[in-house]
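Trainee: input.cif is reproduced in full below (mmCIF, C-alpha atoms and all ligand atoms).
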data_model
loop_
_atom_site.label_atom_id
_atom_site.label_comp_id
_atom_site.auth_asym_id
_atom_site.auth_seq_id
_atom_site.Cartn_x
_atom_site.Cartn_y
_atom_site.Cartn_z
CA MET V 1274 0.00 0.00 0.00
CA ASN V 1275 1.24 3.50 -0.73
CA THR V 1276 0.89 6.40 1.72
CA LYS V 1277 -2.41 7.61 0.19
CA GLU V 1278 -3.94 4.15 0.49
CA GLU V 1279 -2.69 3.70 4.05
CA ILE V 1280 -4.07 7.07 5.12
CA LEU V 1281 -7.41 6.36 3.48
CA THR V 1282 -7.61 3.00 5.24
CA ARG V 1283 -6.76 4.55 8.64
CA LEU V 1284 -9.24 7.40 8.18
CA ARG V 1285 -11.97 4.87 7.30
CA GLN V 1286 -11.16 2.81 10.39
CA THR V 1287 -11.35 5.83 12.70
CA GLU V 1288 -14.64 7.20 14.07
CA GLY V 1289 -13.38 10.68 14.99
CA TYR V 1290 -10.25 12.64 14.09
CA LEU V 1291 -6.80 11.20 13.48
CA SER V 1292 -3.88 13.55 14.09
CA GLY V 1293 -1.15 14.21 11.55
CA GLU V 1294 1.34 13.15 14.20
CA GLN V 1295 -0.37 9.77 14.76
CA LEU V 1296 -0.51 9.16 11.03
CA SER V 1297 3.13 10.05 10.50
CA GLU V 1298 4.22 7.81 13.42
CA THR V 1299 2.11 4.77 12.54
CA LEU V 1300 2.98 4.93 8.85
CA GLY V 1301 6.63 5.80 9.43
CA VAL V 1302 6.54 8.82 7.08
CA SER V 1303 7.14 12.54 7.60
CA ARG V 1304 4.39 15.04 8.46
CA ALA V 1305 5.04 16.65 5.07
CA ALA V 1306 4.35 13.30 3.36
CA VAL V 1307 1.08 12.98 5.31
CA TRP V 1308 0.07 16.49 4.23
CA LYS V 1309 0.95 15.77 0.61
CA ALA V 1310 -1.13 12.58 0.62
CA ILE V 1311 -4.10 14.35 2.27
CA THR V 1312 -3.91 17.08 -0.39
CA ALA V 1313 -3.81 14.48 -3.17
CA LEU V 1314 -6.80 12.64 -1.68
CA ARG V 1315 -8.77 15.90 -1.50
CA GLU V 1316 -7.88 16.60 -5.12
CA SER V 1317 -9.31 13.19 -6.05
CA GLY V 1318 -12.61 14.21 -4.43
CA TYR V 1319 -12.36 12.92 -0.85
CA ALA V 1320 -13.86 15.32 1.68
CA ILE V 1321 -11.37 15.37 4.55
CA ASP V 1322 -12.14 17.72 7.38
CA SER V 1323 -9.16 19.11 9.31
CA ALA V 1324 -9.39 20.67 12.78
CA THR V 1325 -6.62 22.36 14.74
CA ASN V 1326 -5.17 20.11 17.46
CA ARG V 1327 -7.41 17.23 16.42
CA GLY V 1328 -6.28 16.23 12.94
CA TYR V 1329 -8.16 14.77 10.00
CA ARG V 1330 -11.55 13.13 9.54
CA LEU V 1331 -12.98 11.56 6.37
CA THR V 1332 -16.48 12.90 5.79
CA ALA V 1333 -17.28 11.72 2.24
CA SER V 1334 -15.77 9.60 -0.52
CA PRO V 1335 -16.23 10.23 -4.23
CA ASP V 1336 -17.57 7.58 -6.59
CA VAL V 1337 -14.19 6.95 -8.18
CA LEU V 1338 -12.52 3.81 -9.45
CA THR V 1339 -8.97 4.62 -8.38
CA PRO V 1340 -6.55 1.88 -7.25
CA GLU V 1341 -6.50 3.28 -3.67
CA GLU V 1342 -10.29 3.33 -3.43
CA ILE V 1343 -10.63 -0.20 -4.78
CA ARG V 1344 -7.82 -1.63 -2.67
CA CYS V 1345 -9.17 -0.11 0.55
CA GLY V 1346 -10.51 -3.18 2.37
CA LEU V 1347 -9.70 -5.59 -0.47
CA HIS V 1348 -7.89 -8.36 1.35
CA THR V 1349 -7.12 -10.65 -1.56
CA ARG V 1350 -3.97 -12.66 -2.23
CA ALA V 1351 -3.55 -12.05 -5.96
CA ILE V 1352 -6.60 -10.48 -7.55
CA GLY V 1353 -6.32 -6.71 -7.54
CA LYS V 1354 -2.77 -6.57 -6.18
CA ASN V 1355 -1.93 -4.88 -9.48
CA ILE V 1356 -4.63 -2.42 -10.60
CA VAL V 1357 -4.31 -0.32 -13.75
CA ALA V 1358 -6.99 2.39 -13.81
CA LEU V 1359 -7.35 4.42 -16.99
CA GLN V 1360 -9.58 7.33 -17.92
CA GLU V 1361 -10.12 5.98 -21.40
CA VAL V 1362 -9.08 2.91 -23.37
CA ASP V 1363 -10.24 1.07 -26.48
CA SER V 1364 -11.24 -2.01 -24.48
CA THR V 1365 -10.04 -3.19 -21.08
CA ASN V 1366 -9.82 -6.72 -22.54
CA GLU V 1367 -7.47 -5.43 -25.25
CA GLU V 1368 -5.43 -3.57 -22.63
CA ALA V 1369 -5.23 -6.72 -20.48
CA LYS V 1370 -4.04 -8.74 -23.47
CA ARG V 1371 -1.39 -6.14 -24.35
CA GLN V 1372 -0.16 -6.10 -20.75
CA ALA V 1373 -0.27 -9.90 -20.55
CA GLN V 1374 2.25 -10.01 -23.41
CA CYS V 1375 4.50 -7.71 -21.37
CA GLY V 1376 4.37 -9.98 -18.33
CA ALA V 1377 1.57 -8.47 -16.19
CA PRO V 1378 1.04 -10.76 -13.19
CA ASP V 1379 -1.80 -13.17 -12.46
CA GLY V 1380 -4.74 -11.31 -10.89
CA SER V 1381 -4.01 -7.93 -12.52
CA VAL V 1382 -7.10 -5.77 -12.95
CA PHE V 1383 -7.47 -3.31 -15.84
CA LEU V 1384 -10.31 -0.83 -15.71
CA ALA V 1385 -11.38 2.31 -17.49
CA GLU V 1386 -13.92 5.04 -16.92
CA ARG V 1387 -14.76 4.89 -20.61
CA GLN V 1388 -14.13 2.40 -23.42
CA THR V 1389 -14.05 3.65 -26.97
CA GLY V 1390 -14.25 0.15 -28.46
CA GLY V 1391 -15.97 -1.91 -25.76
CA LYS V 1392 -16.45 -5.49 -26.98
CA GLY V 1393 -19.39 -7.79 -26.30
CA ARG V 1394 -19.85 -11.51 -26.95
CA LEU V 1395 -20.47 -12.85 -30.44
CA GLY V 1396 -18.69 -9.90 -32.08
CA ARG V 1397 -21.05 -7.29 -30.66
CA THR V 1398 -20.08 -3.89 -29.28
CA TRP V 1399 -20.51 -2.91 -25.64
CA GLU V 1400 -21.63 0.63 -24.85
CA SER V 1401 -19.23 1.95 -22.19
CA PRO V 1402 -19.89 5.61 -21.37
CA ALA V 1403 -17.95 7.39 -18.61
CA GLY V 1404 -19.01 7.81 -15.02
CA THR V 1405 -21.72 5.25 -14.38
CA GLY V 1406 -20.48 1.79 -15.33
CA ILE V 1407 -17.81 -0.59 -14.10
CA TRP V 1408 -15.79 -1.73 -17.11
CA PHE V 1409 -12.91 -4.00 -16.15
CA SER V 1410 -10.86 -7.06 -17.06
CA VAL V 1411 -9.08 -9.51 -14.82
CA LEU V 1412 -5.99 -11.25 -16.13
CA LEU V 1413 -5.59 -14.84 -14.91
CA ARG V 1414 -2.74 -17.22 -15.51
CA PRO V 1415 -4.32 -20.51 -14.43
CA SER V 1416 -2.69 -23.94 -14.69
CA LEU V 1417 -5.47 -25.33 -16.85
CA VAL V 1418 -5.88 -26.88 -20.26
CA PRO V 1419 -8.01 -24.92 -22.76
CA SER V 1420 -11.05 -27.20 -22.36
CA GLU V 1421 -11.24 -26.31 -18.66
CA ILE V 1422 -11.57 -22.56 -19.22
CA SER V 1423 -15.36 -22.58 -19.46
CA SER V 1424 -15.43 -23.39 -15.74
CA ILE V 1425 -13.74 -20.02 -15.09
CA THR V 1426 -16.50 -18.33 -17.05
CA LEU V 1427 -19.08 -20.00 -14.78
CA LEU V 1428 -17.16 -18.84 -11.71
CA ALA V 1429 -17.04 -15.27 -13.00
CA GLY V 1430 -20.82 -15.19 -13.39
CA ILE V 1431 -21.33 -16.47 -9.85
CA ALA V 1432 -18.79 -13.96 -8.48
CA VAL V 1433 -20.63 -11.05 -10.10
CA CYS V 1434 -24.00 -12.27 -8.77
CA ARG V 1435 -22.61 -12.69 -5.26
CA GLY V 1436 -20.90 -9.28 -5.34
CA ILE V 1437 -23.99 -7.48 -6.62
CA ARG V 1438 -26.25 -9.24 -4.11
CA SER V 1439 -24.02 -8.44 -1.16
CA VAL V 1440 -23.59 -4.73 -1.92
CA THR V 1441 -26.97 -3.84 -3.41
CA GLY V 1442 -29.39 -6.53 -2.26
CA CYS V 1443 -30.56 -6.89 -5.90
CA ALA V 1444 -31.53 -10.47 -6.82
CA ALA V 1445 -28.92 -10.94 -9.56
CA LYS V 1446 -29.22 -14.22 -11.50
CA LEU V 1447 -27.56 -15.75 -14.55
CA LYS V 1448 -28.86 -16.28 -18.04
CA TRP V 1449 -26.79 -19.02 -19.65
CA PRO V 1450 -23.88 -18.82 -20.17
CA ASN V 1451 -23.12 -15.75 -18.10
CA ASP V 1452 -25.31 -12.73 -18.67
CA VAL V 1453 -26.11 -11.36 -15.25
CA VAL V 1454 -29.78 -10.43 -15.13
CA ILE V 1455 -32.20 -8.89 -12.70
CA GLY V 1456 -35.69 -10.04 -13.57
CA SER V 1457 -35.57 -10.38 -17.35
CA ARG V 1458 -33.12 -7.55 -18.00
CA LYS V 1459 -29.35 -7.69 -18.32
CA VAL V 1460 -27.25 -5.78 -15.80
CA CYS V 1461 -23.82 -7.20 -16.64
CA GLY V 1462 -22.07 -8.99 -19.48
CA ILE V 1463 -18.94 -11.11 -19.35
CA LEU V 1464 -16.54 -11.68 -22.23
CA THR V 1465 -13.87 -14.34 -21.66
CA GLU V 1466 -10.88 -14.43 -23.96
CA MET V 1467 -7.74 -16.52 -23.78
CA ALA V 1468 -4.36 -17.18 -25.32
CA ALA V 1469 -3.48 -20.85 -25.41
CA GLU V 1470 -1.50 -23.59 -27.04
CA ILE V 1471 -3.13 -27.00 -27.51
CA GLU V 1472 -2.19 -28.25 -24.07
CA ARG V 1473 -1.55 -25.11 -22.11
CA VAL V 1474 -3.38 -21.91 -21.35
CA GLU V 1475 -1.06 -18.92 -21.37
CA TYR V 1476 -3.60 -16.52 -19.91
CA VAL V 1477 -7.30 -15.82 -19.60
CA VAL V 1478 -8.90 -12.39 -19.68
CA LEU V 1479 -12.25 -12.07 -17.92
CA GLY V 1480 -13.88 -8.89 -19.21
CA ILE V 1481 -16.79 -7.75 -17.09
CA GLY V 1482 -19.13 -4.83 -17.75
CA ILE V 1483 -21.57 -3.87 -14.99
CA ASN V 1484 -24.28 -1.26 -15.56
CA ALA V 1485 -24.03 0.23 -12.11
CA ASN V 1486 -25.41 3.74 -11.87
CA THR V 1487 -26.91 4.27 -15.35
CA GLU V 1488 -30.05 6.36 -14.89
CA ALA V 1489 -31.77 5.37 -18.12
CA PHE V 1490 -31.03 3.51 -21.37
CA PRO V 1491 -31.83 4.58 -24.93
CA ALA V 1492 -35.20 3.20 -26.07
CA LYS V 1493 -33.70 0.41 -28.17
CA LEU V 1494 -31.80 -0.97 -25.15
CA ALA V 1495 -34.29 -0.20 -22.36
CA GLU V 1496 -36.33 -3.34 -22.93
CA LYS V 1497 -33.36 -5.62 -22.46
CA ALA V 1498 -30.93 -3.71 -20.23
CA THR V 1499 -31.10 -2.46 -16.70
CA SER V 1500 -28.76 -1.02 -14.07
CA LEU V 1501 -28.33 -1.51 -10.35
CA ARG V 1502 -29.49 2.05 -9.84
CA ILE V 1503 -32.67 1.50 -11.84
CA GLU V 1504 -33.42 -1.71 -9.95
CA ALA V 1505 -32.63 -0.45 -6.44
CA GLY V 1506 -33.73 3.16 -6.87
CA SER V 1507 -30.43 4.57 -5.60
CA ALA V 1508 -26.82 4.90 -6.79
CA PHE V 1509 -24.03 2.73 -5.36
CA PRO V 1510 -20.30 3.38 -4.83
CA ARG V 1511 -18.84 1.56 -7.82
CA ALA V 1512 -15.61 0.70 -5.99
CA ALA V 1513 -17.58 -1.23 -3.35
CA ILE V 1514 -19.24 -3.35 -6.04
CA LEU V 1515 -15.97 -3.97 -7.86
CA ARG V 1516 -14.23 -4.90 -4.60
CA ALA V 1517 -16.99 -7.35 -3.69
CA VAL V 1518 -16.79 -9.00 -7.12
CA LEU V 1519 -12.99 -9.30 -6.97
CA LYS V 1520 -13.14 -10.86 -3.49
CA GLU V 1521 -15.79 -13.37 -4.56
CA LEU V 1522 -13.86 -14.19 -7.71
CA GLU V 1523 -10.70 -14.98 -5.78
CA SER V 1524 -12.54 -17.05 -3.20
CA LEU V 1525 -14.30 -19.07 -5.94
CA LEU V 1526 -11.06 -19.59 -7.88
CA LEU V 1527 -9.27 -20.82 -4.76
CA ASN V 1528 -12.16 -23.19 -3.94
CA ALA V 1529 -12.28 -24.49 -7.48
CA LYS V 1530 -8.54 -25.13 -7.36
CA ALA V 1531 -9.09 -27.25 -4.26
CA GLY V 1532 -11.20 -29.45 -6.57
CA SER V 1533 -13.56 -30.86 -3.94
CA ALA V 1534 -15.69 -27.73 -3.99
CA PHE V 1535 -16.39 -27.80 -7.72
CA GLN V 1536 -19.71 -29.65 -7.35
CA GLU V 1537 -20.89 -26.97 -4.90
CA ILE V 1538 -19.91 -24.25 -7.36
CA LEU V 1539 -21.80 -25.99 -10.15
CA ASP V 1540 -24.83 -26.33 -7.88
CA GLU V 1541 -24.68 -22.62 -7.10
CA TYR V 1542 -24.46 -21.84 -10.82
CA LYS V 1543 -27.52 -24.01 -11.49
CA PHE V 1544 -29.41 -22.38 -8.62
CA LEU V 1545 -28.70 -18.93 -10.09
CA CYS V 1546 -29.33 -19.90 -13.71
CA VAL V 1547 -32.69 -18.60 -14.98
CA SER V 1548 -32.36 -20.55 -18.24
CA LEU V 1549 -32.71 -23.92 -16.50
CA ASN V 1550 -36.03 -25.79 -16.53
CA ARG V 1551 -37.28 -23.29 -19.08
CA ARG V 1552 -38.17 -23.56 -22.73
CA VAL V 1553 -35.36 -22.04 -24.77
CA GLY V 1554 -34.74 -21.10 -28.37
CA PHE V 1555 -31.31 -21.68 -29.96
CA PHE V 1556 -29.46 -22.21 -33.22
CA TRP V 1557 -28.52 -25.81 -33.90
CA ASN V 1558 -27.10 -27.12 -37.17
CA GLY V 1559 -27.85 -23.76 -38.76
CA GLU V 1560 -31.54 -23.86 -37.77
CA GLN V 1561 -33.57 -22.04 -35.17
CA GLN V 1562 -34.87 -24.70 -32.77
CA THR V 1563 -36.61 -24.94 -29.41
CA GLY V 1564 -36.40 -27.26 -26.43
CA MET V 1565 -36.31 -27.60 -22.68
CA ALA V 1566 -33.08 -26.65 -20.84
CA VAL V 1567 -32.65 -29.45 -18.32
CA ASP V 1568 -29.10 -29.23 -16.97
CA VAL V 1569 -25.65 -27.58 -17.07
CA SER V 1570 -22.63 -29.85 -17.51
CA PRO V 1571 -19.47 -29.49 -15.36
CA SER V 1572 -17.78 -27.81 -18.32
CA GLY V 1573 -20.58 -25.27 -18.58
CA GLU V 1574 -22.60 -26.62 -21.50
CA LEU V 1575 -26.36 -26.16 -21.46
CA ILE V 1576 -28.10 -29.53 -21.84
CA VAL V 1577 -31.31 -29.27 -23.82
CA GLU V 1578 -34.07 -31.80 -24.62
CA ARG V 1579 -34.93 -30.76 -28.16
CA ASP V 1580 -38.60 -30.51 -29.15
CA GLY V 1581 -37.58 -32.41 -32.26
CA GLY V 1582 -36.22 -35.21 -30.03
CA GLY V 1583 -32.80 -35.92 -28.57
CA ARG V 1584 -30.67 -34.44 -25.83
CA ILE V 1585 -27.94 -32.04 -26.95
CA SER V 1586 -25.20 -29.96 -25.30
CA ILE V 1587 -24.92 -26.33 -26.35
CA ASN V 1588 -21.52 -24.80 -25.69
CA ALA V 1589 -21.68 -21.44 -27.41
CA GLY V 1590 -23.97 -18.90 -28.94
CA GLU V 1591 -27.16 -17.26 -27.86
CA VAL V 1592 -30.03 -18.90 -26.07
CA VAL V 1593 -33.38 -17.13 -25.90
CA VAL V 1594 -35.29 -17.80 -22.70
C1 LIG H 1601 -21.55 -9.42 -23.46
O1 LIG H 1601 -21.71 -9.32 -24.68
O2 LIG H 1601 -22.48 -9.68 -22.71
C2 LIG H 1601 -20.17 -9.25 -22.85
C3 LIG H 1601 -19.89 -7.82 -22.53
C4 LIG H 1601 -18.54 -7.62 -21.86
C5 LIG H 1601 -18.23 -6.16 -21.64
C6 LIG H 1601 -16.98 -5.96 -20.86
S1 LIG H 1601 -16.74 -4.29 -20.38
C7 LIG H 1601 -15.12 -4.65 -19.86
C8 LIG H 1601 -14.54 -5.61 -20.87
N1 LIG H 1601 -13.94 -4.89 -21.97
C9 LIG H 1601 -14.59 -5.11 -23.11
O3 LIG H 1601 -14.28 -4.61 -24.20
N2 LIG H 1601 -15.60 -5.94 -22.91
C10 LIG H 1601 -15.68 -6.37 -21.53
#
Will you turn the file into structure tokens for me?

Mentor:
Amino acid sequence: MNTKEEILTRLRQTEGYLSGEQLSETLGVSRAAVWKAITALRESGYAIDSATNRGYRLTASPDVLTPEEIRCGLHTRAIGKNIVALQEVDSTNEEAKRQAQCGAPDGSVFLAERQTGGKGRLGRTWESPAGTGIWFSVLLRPSLVPSEISSITLLAGIAVCRGIRSVTGCAAKLKWPNDVVIGSRKVCGILTEMAAEIERVEYVVLGIGINANTEAFPAKLAEKATSLRIEAGSAFPRAAILRAVLKELESLLLNAKAGSAFQEILDEYKFLCVSLNRRVGFFWNGEQQTGMAVDVSPSGELIVERDGGGRISINAGEVVV
């Protein structure tokens, strides 16, 4: 943690005022360094009250996605240890892939206030305006073979649902494979990309876009998209949501690594999945077909009893519930 992060953490942990002297002693830095960090925090939008002979008190935090804000209270081992926060980027997935080639470590998080070329699944674009959304990518370097990567996609969906539920209370669920929905409308999309050889995954990029504080969507999107703010009726600190998702992601990844917990994770996915036990429409052999979604396989395929007869596994594409 740098001085700004340490000061922010201490101010958050303290009910009343914290003196400059206490801060400088506990952090082992000069009073001038404390003052410089306080000034920088104020410039980033933190309201820090200062009173003679008493010290500093945090009275309000801005809705910013800065590394110090995200890391404050994020007690993870790897995920989010390295955070790259940009004002603008083409796509955080593209940034993560560029940085992966330059050796960025496992668990690095790349985020941007605004994406100029946000990417969705199936070659679509992802609207990523500034200020209201959480657009980020997590770089993972798992010891897995390519066929095992779909399990990470399942985990990511669960992590987002858990994070959203814990911070906002919204009943986030999953539409197969991993659209996060509230009711019938999408609140978050996940785009997983990877670089791999036949037997070895070099890295995985989990790109996650959460419509957090969007007040309204253009008419053509409003039927299908929603935001946490629209659902809950109030705005949320985006850093708190991101932090919760990162924590859940790490905990799920560690559990999955232990192996024994994978069945529990799959059960949680199935519990959250709104596509299950529903009639679904899908493309199969170049034709639009319908059937009943009856199960999800351990590798994340949707198992469907086709109306035309026969049980099939769908592993990609769009399913209409
Ligand atoms: C979908 O189509 O549902 C997936 C959308 C994924 C959007 C996120 S936003 C952060 C990351 N960067 C991108 O360009 N896409 C993903």

Trainee: Rank V:Arg1371, V:Arg1516, V:Arg1394, V:Lys1459 by their smallest atom-to-atom distance to ligand LIG 1601 (chain H), using all atoms listed in the file, and report the top residue only.

Mentor: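 Comparing V:Arg1371, V:Arg1516, V:Arg1394, V:Lys1459 against ligand LIG 1601 (chain H), the winner is V:Arg1394.
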
Trainee: Determine, using all atoms listed in the file, which residues of chain V have any atom at most 9 Å from an atom of ligand LIG 1601 (chain H), and tabulate each with its shortest atom pair and distance in Å to one decimal place, rows ordered by chain and then rising number, as JSON lines.

Mentor:
{"residue": "V:Asp1363", "atom": "CA", "partner": "H:LIG1601", "partner_atom": "O3", "distance": 7.3}
{"residue": "V:Ser1364", "atom": "CA", "partner": "H:LIG1601", "partner_atom": "O3", "distance": 4.0}
{"residue": "V:Thr1365", "atom": "CA", "partner": "H:LIG1601", "partner_atom": "N1", "distance": 4.3}
{"residue": "V:Asn1366", "atom": "CA", "partner": "H:LIG1601", "partner_atom": "N1", "distance": 4.5}
{"residue": "V:Glu1367", "atom": "CA", "partner": "H:LIG1601", "partner_atom": "O3", "distance": 6.9}
{"residue": "V:Glu1368", "atom": "CA", "partner": "H:LIG1601", "partner_atom": "N1", "distance": 8.6}
{"residue": "V:Phe1383", "atom": "CA", "partner": "H:LIG1601", "partner_atom": "C7", "distance": 8.7}
{"residue": "V:Leu1384", "atom": "CA", "partner": "H:LIG1601", "partner_atom": "C7", "distance": 7.4}
{"residue": "V:Ala1385", "atom": "CA", "partner": "H:LIG1601", "partner_atom": "C7", "distance": 8.2}
{"residue": "V:Gln1388", "atom": "CA", "partner": "H:LIG1601", "partner_atom": "O3", "distance": 7.1}
{"residue": "V:Thr1389", "atom": "CA", "partner": "H:LIG1601", "partner_atom": "O3", "distance": 8.7}
{"residue": "V:Gly1390", "atom": "CA", "partner": "H:LIG1601", "partner_atom": "O3", "distance": 6.4}
{"residue": "V:Gly1391", "atom": "CA", "partner": "H:LIG1601", "partner_atom": "O3", "distance": 3.5}
{"residue": "V:Lys1392", "atom": "CA", "partner": "H:LIG1601", "partner_atom": "O3", "distance": 3.6}
{"residue": "V:Gly1393", "atom": "CA", "partner": "H:LIG1601", "partner_atom": "O1", "distance": 3.2}
{"residue": "V:Arg1394", "atom": "CA", "partner": "H:LIG1601", "partner_atom": "O1", "distance": 3.7}
{"residue": "V:Leu1395", "atom": "CA", "partner": "H:LIG1601", "partner_atom": "O1", "distance": 6.9}
{"residue": "V:Gly1396", "atom": "CA", "partner": "H:LIG1601", "partner_atom": "O1", "distance": 8.0}
{"residue": "V:Arg1397", "atom": "CA", "partner": "H:LIG1601", "partner_atom": "O1", "distance": 6.3}
{"residue": "V:Thr1398", "atom": "CA", "partner": "H:LIG1601", "partner_atom": "O1", "distance": 7.3}
{"residue": "V:Trp1399", "atom": "CA", "partner": "H:LIG1601", "partner_atom": "C5", "distance": 5.6}
{"residue": "V:Glu1400", "atom": "CA", "partner": "H:LIG1601", "partner_atom": "C5", "distance": 8.2}
{"residue": "V:Ser1401", "atom": "CA", "partner": "H:LIG1601", "partner_atom": "S1", "distance": 7.0}
{"residue": "V:Gly1406", "atom": "CA", "partner": "H:LIG1601", "partner_atom": "S1", "distance": 8.7}
{"residue": "V:Ile1407", "atom": "CA", "partner": "H:LIG1601", "partner_atom": "S1", "distance": 7.4}
{"residue": "V:Trp1408", "atom": "CA", "partner": "H:LIG1601", "partner_atom": "C7", "distance": 4.1}
{"residue": "V:Phe1409", "atom": "CA", "partner": "H:LIG1601", "partner_atom": "C7", "distance": 4.4}
{"residue": "V:Ser1410", "atom": "CA", "partner": "H:LIG1601", "partner_atom": "C8", "distance": 5.5}
{"residue": "V:Asn1451", "atom": "CA", "partner": "H:LIG1601", "partner_atom": "O2", "distance": 7.6}
{"residue": "V:Asp1452", "atom": "CA", "partner": "H:LIG1601", "partner_atom": "O2", "distance": 5.8}
{"residue": "V:Val1453", "atom": "CA", "partner": "H:LIG1601", "partner_atom": "O2", "distance": 8.5}
{"residue": "V:Lys1459", "atom": "CA", "partner": "H:LIG1601", "partner_atom": "O2", "distance": 8.4}
{"residue": "V:Cys1461", "atom": "CA", "partner": "H:LIG1601", "partner_atom": "O2", "distance": 6.7}
{"residue": "V:Gly1462", "atom": "CA", "partner": "H:LIG1601", "partner_atom": "O2", "distance": 3.3}
{"residue": "V:Ile1463", "atom": "CA", "partner": "H:LIG1601", "partner_atom": "C2", "distance": 4.1}
{"residue": "V:Leu1464", "atom": "CA", "partner": "H:LIG1601", "partner_atom": "C2", "distance": 4.4}
{"residue": "V:Thr1465", "atom": "CA", "partner": "H:LIG1601", "partner_atom": "C10", "distance": 8.2}
{"residue": "V:Val1478", "atom": "CA", "partner": "H:LIG1601", "partner_atom": "C8", "distance": 8.9}
{"residue": "V:Leu1479", "atom": "CA", "partner": "H:LIG1601", "partner_atom": "C8", "distance": 7.5}
{"residue": "V:Gly1480", "atom": "CA", "partner": "H:LIG1601", "partner_atom": "C8", "distance": 3.7}
{"residue": "V:Ile1481", "atom": "CA", "partner": "H:LIG1601", "partner_atom": "C6", "distance": 4.2}
{"residue": "V:Gly1482", "atom": "CA", "partner": "H:LIG1601", "partner_atom": "S1", "distance": 3.6}
{"residue": "V:Ile1483", "atom": "CA", "partner": "H:LIG1601", "partner_atom": "S1", "distance": 7.2}

Trainee: Go ahead and write the selection's residues with C-alpha atoms as a tab-separated table (two decimals), in the coordinates of the input.

Mentor:
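The result, written out as result27.tsv:
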chain	number	residue	atom	x	y	z
V	1363	ASP	CA	-10.24	1.07	-26.48
V	1364	SER	CA	-11.24	-2.01	-24.48
V	1365	THR	CA	-10.04	-3.19	-21.08
V	1366	ASN	CA	-9.82	-6.72	-22.54
V	1367	GLU	CA	-7.47	-5.43	-25.25
V	1368	GLU	CA	-5.43	-3.57	-22.63
V	1383	PHE	CA	-7.47	-3.31	-15.84
V	1384	LEU	CA	-10.31	-0.83	-15.71
V	1385	ALA	CA	-11.38	2.31	-17.49
V	1388	GLN	CA	-14.13	2.40	-23.42
V	1389	THR	CA	-14.05	3.65	-26.97
V	1390	GLY	CA	-14.25	0.15	-28.46
V	1391	GLY	CA	-15.97	-1.91	-25.76
V	1392	LYS	CA	-16.45	-5.49	-26.98
V	1393	GLY	CA	-19.39	-7.79	-26.30
V	1394	ARG	CA	-19.85	-11.51	-26.95
V	1395	LEU	CA	-20.47	-12.85	-30.44
V	1396	GLY	CA	-18.69	-9.90	-32.08
V	1397	ARG	CA	-21.05	-7.29	-30.66
V	1398	THR	CA	-20.08	-3.89	-29.28
V	1399	TRP	CA	-20.51	-2.91	-25.64
V	1400	GLU	CA	-21.63	0.63	-24.85
V	1401	SER	CA	-19.23	1.95	-22.19
V	1406	GLY	CA	-20.48	1.79	-15.33
V	1407	ILE	CA	-17.81	-0.59	-14.10
V	1408	TRP	CA	-15.79	-1.73	-17.11
V	1409	PHE	CA	-12.91	-4.00	-16.15
V	1410	SER	CA	-10.86	-7.06	-17.06
V	1451	ASN	CA	-23.12	-15.75	-18.10
V	1452	ASP	CA	-25.31	-12.73	-18.67
V	1453	VAL	CA	-26.11	-11.36	-15.25
V	1459	LYS	CA	-29.35	-7.69	-18.32
V	1461	CYS	CA	-23.82	-7.20	-16.64
V	1462	GLY	CA	-22.07	-8.99	-19.48
V	1463	ILE	CA	-18.94	-11.11	-19.35
V	1464	LEU	CA	-16.54	-11.68	-22.23
V	1465	THR	CA	-13.87	-14.34	-21.66
V	1478	VAL	CA	-8.90	-12.39	-19.68
V	1479	LEU	CA	-12.25	-12.07	-17.92
V	1480	GLY	CA	-13.88	-8.89	-19.21
V	1481	ILE	CA	-16.79	-7.75	-17.09
V	1482	GLY	CA	-19.13	-4.83	-17.75
V	1483	ILE	CA	-21.57	-3.87	-14.99

Trainee: Take CA of Thr1287 (chain V) and CA of Gly1328 (chain V) and report the distance between them in Å, one decimal.

Mentor: 11.6 Å

Trainee: Expressed in Å to a single decimal, how great is the separation between CA of Ser1381 (chain V) and CA of Asn1355 (chain V)?

Mentor: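 Straight-line distance from CA of Ser1381 (chain V) to CA of Asn1355 (chain V) works out to 4.8 Å.
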
Trainee: What does the distance between CA of Lys1520 (chain V) and CA of Glu1472 (chain V) come to in Å, to one decimal place?

Mentor: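 These atoms are spaced 29.1 Å apart.
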
Trainee: Using only C-alpha atoms, pick whichever of V:Leu1428, V:Val1433, V:Ile1576, V:Phe1509 has the shortest atom-to-atom distance to Ile1538 (chain V).

Mentor: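 Among the listed residues, the smallest separation from Ile1538 (chain V) belongs to V:Leu1428.
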
Trainee: Set the distance at 12 Å and use all atoms listed in the file: which residues neighbour Gly1346 (chain V) once local chain neighbours fewer than 5 positions away are removed? I'd like the list as a CSV table (one decimal) with C-alpha atoms, in the frame of the given file.

Mentor:
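Output file selection09.csv is given in full below:
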chain,number,residue,atom,x,y,z
V,1274,MET,CA,0.0,0.0,0.0
V,1278,GLU,CA,-3.9,4.2,0.5
V,1279,GLU,CA,-2.7,3.7,4.0
V,1281,LEU,CA,-7.4,6.4,3.5
V,1282,THR,CA,-7.6,3.0,5.2
V,1283,ARG,CA,-6.8,4.6,8.6
V,1285,ARG,CA,-12.0,4.9,7.3
V,1286,GLN,CA,-11.2,2.8,10.4
V,1340,PRO,CA,-6.6,1.9,-7.2
V,1341,GLU,CA,-6.5,3.3,-3.7
V,1353,GLY,CA,-6.3,-6.7,-7.5
V,1512,ALA,CA,-15.6,0.7,-6.0
V,1513,ALA,CA,-17.6,-1.2,-3.4
V,1515,LEU,CA,-16.0,-4.0,-7.9
V,1516,ARG,CA,-14.2,-4.9,-4.6
V,1517,ALA,CA,-17.0,-7.4,-3.7
V,1519,LEU,CA,-13.0,-9.3,-7.0
V,1520,LYS,CA,-13.1,-10.9,-3.5
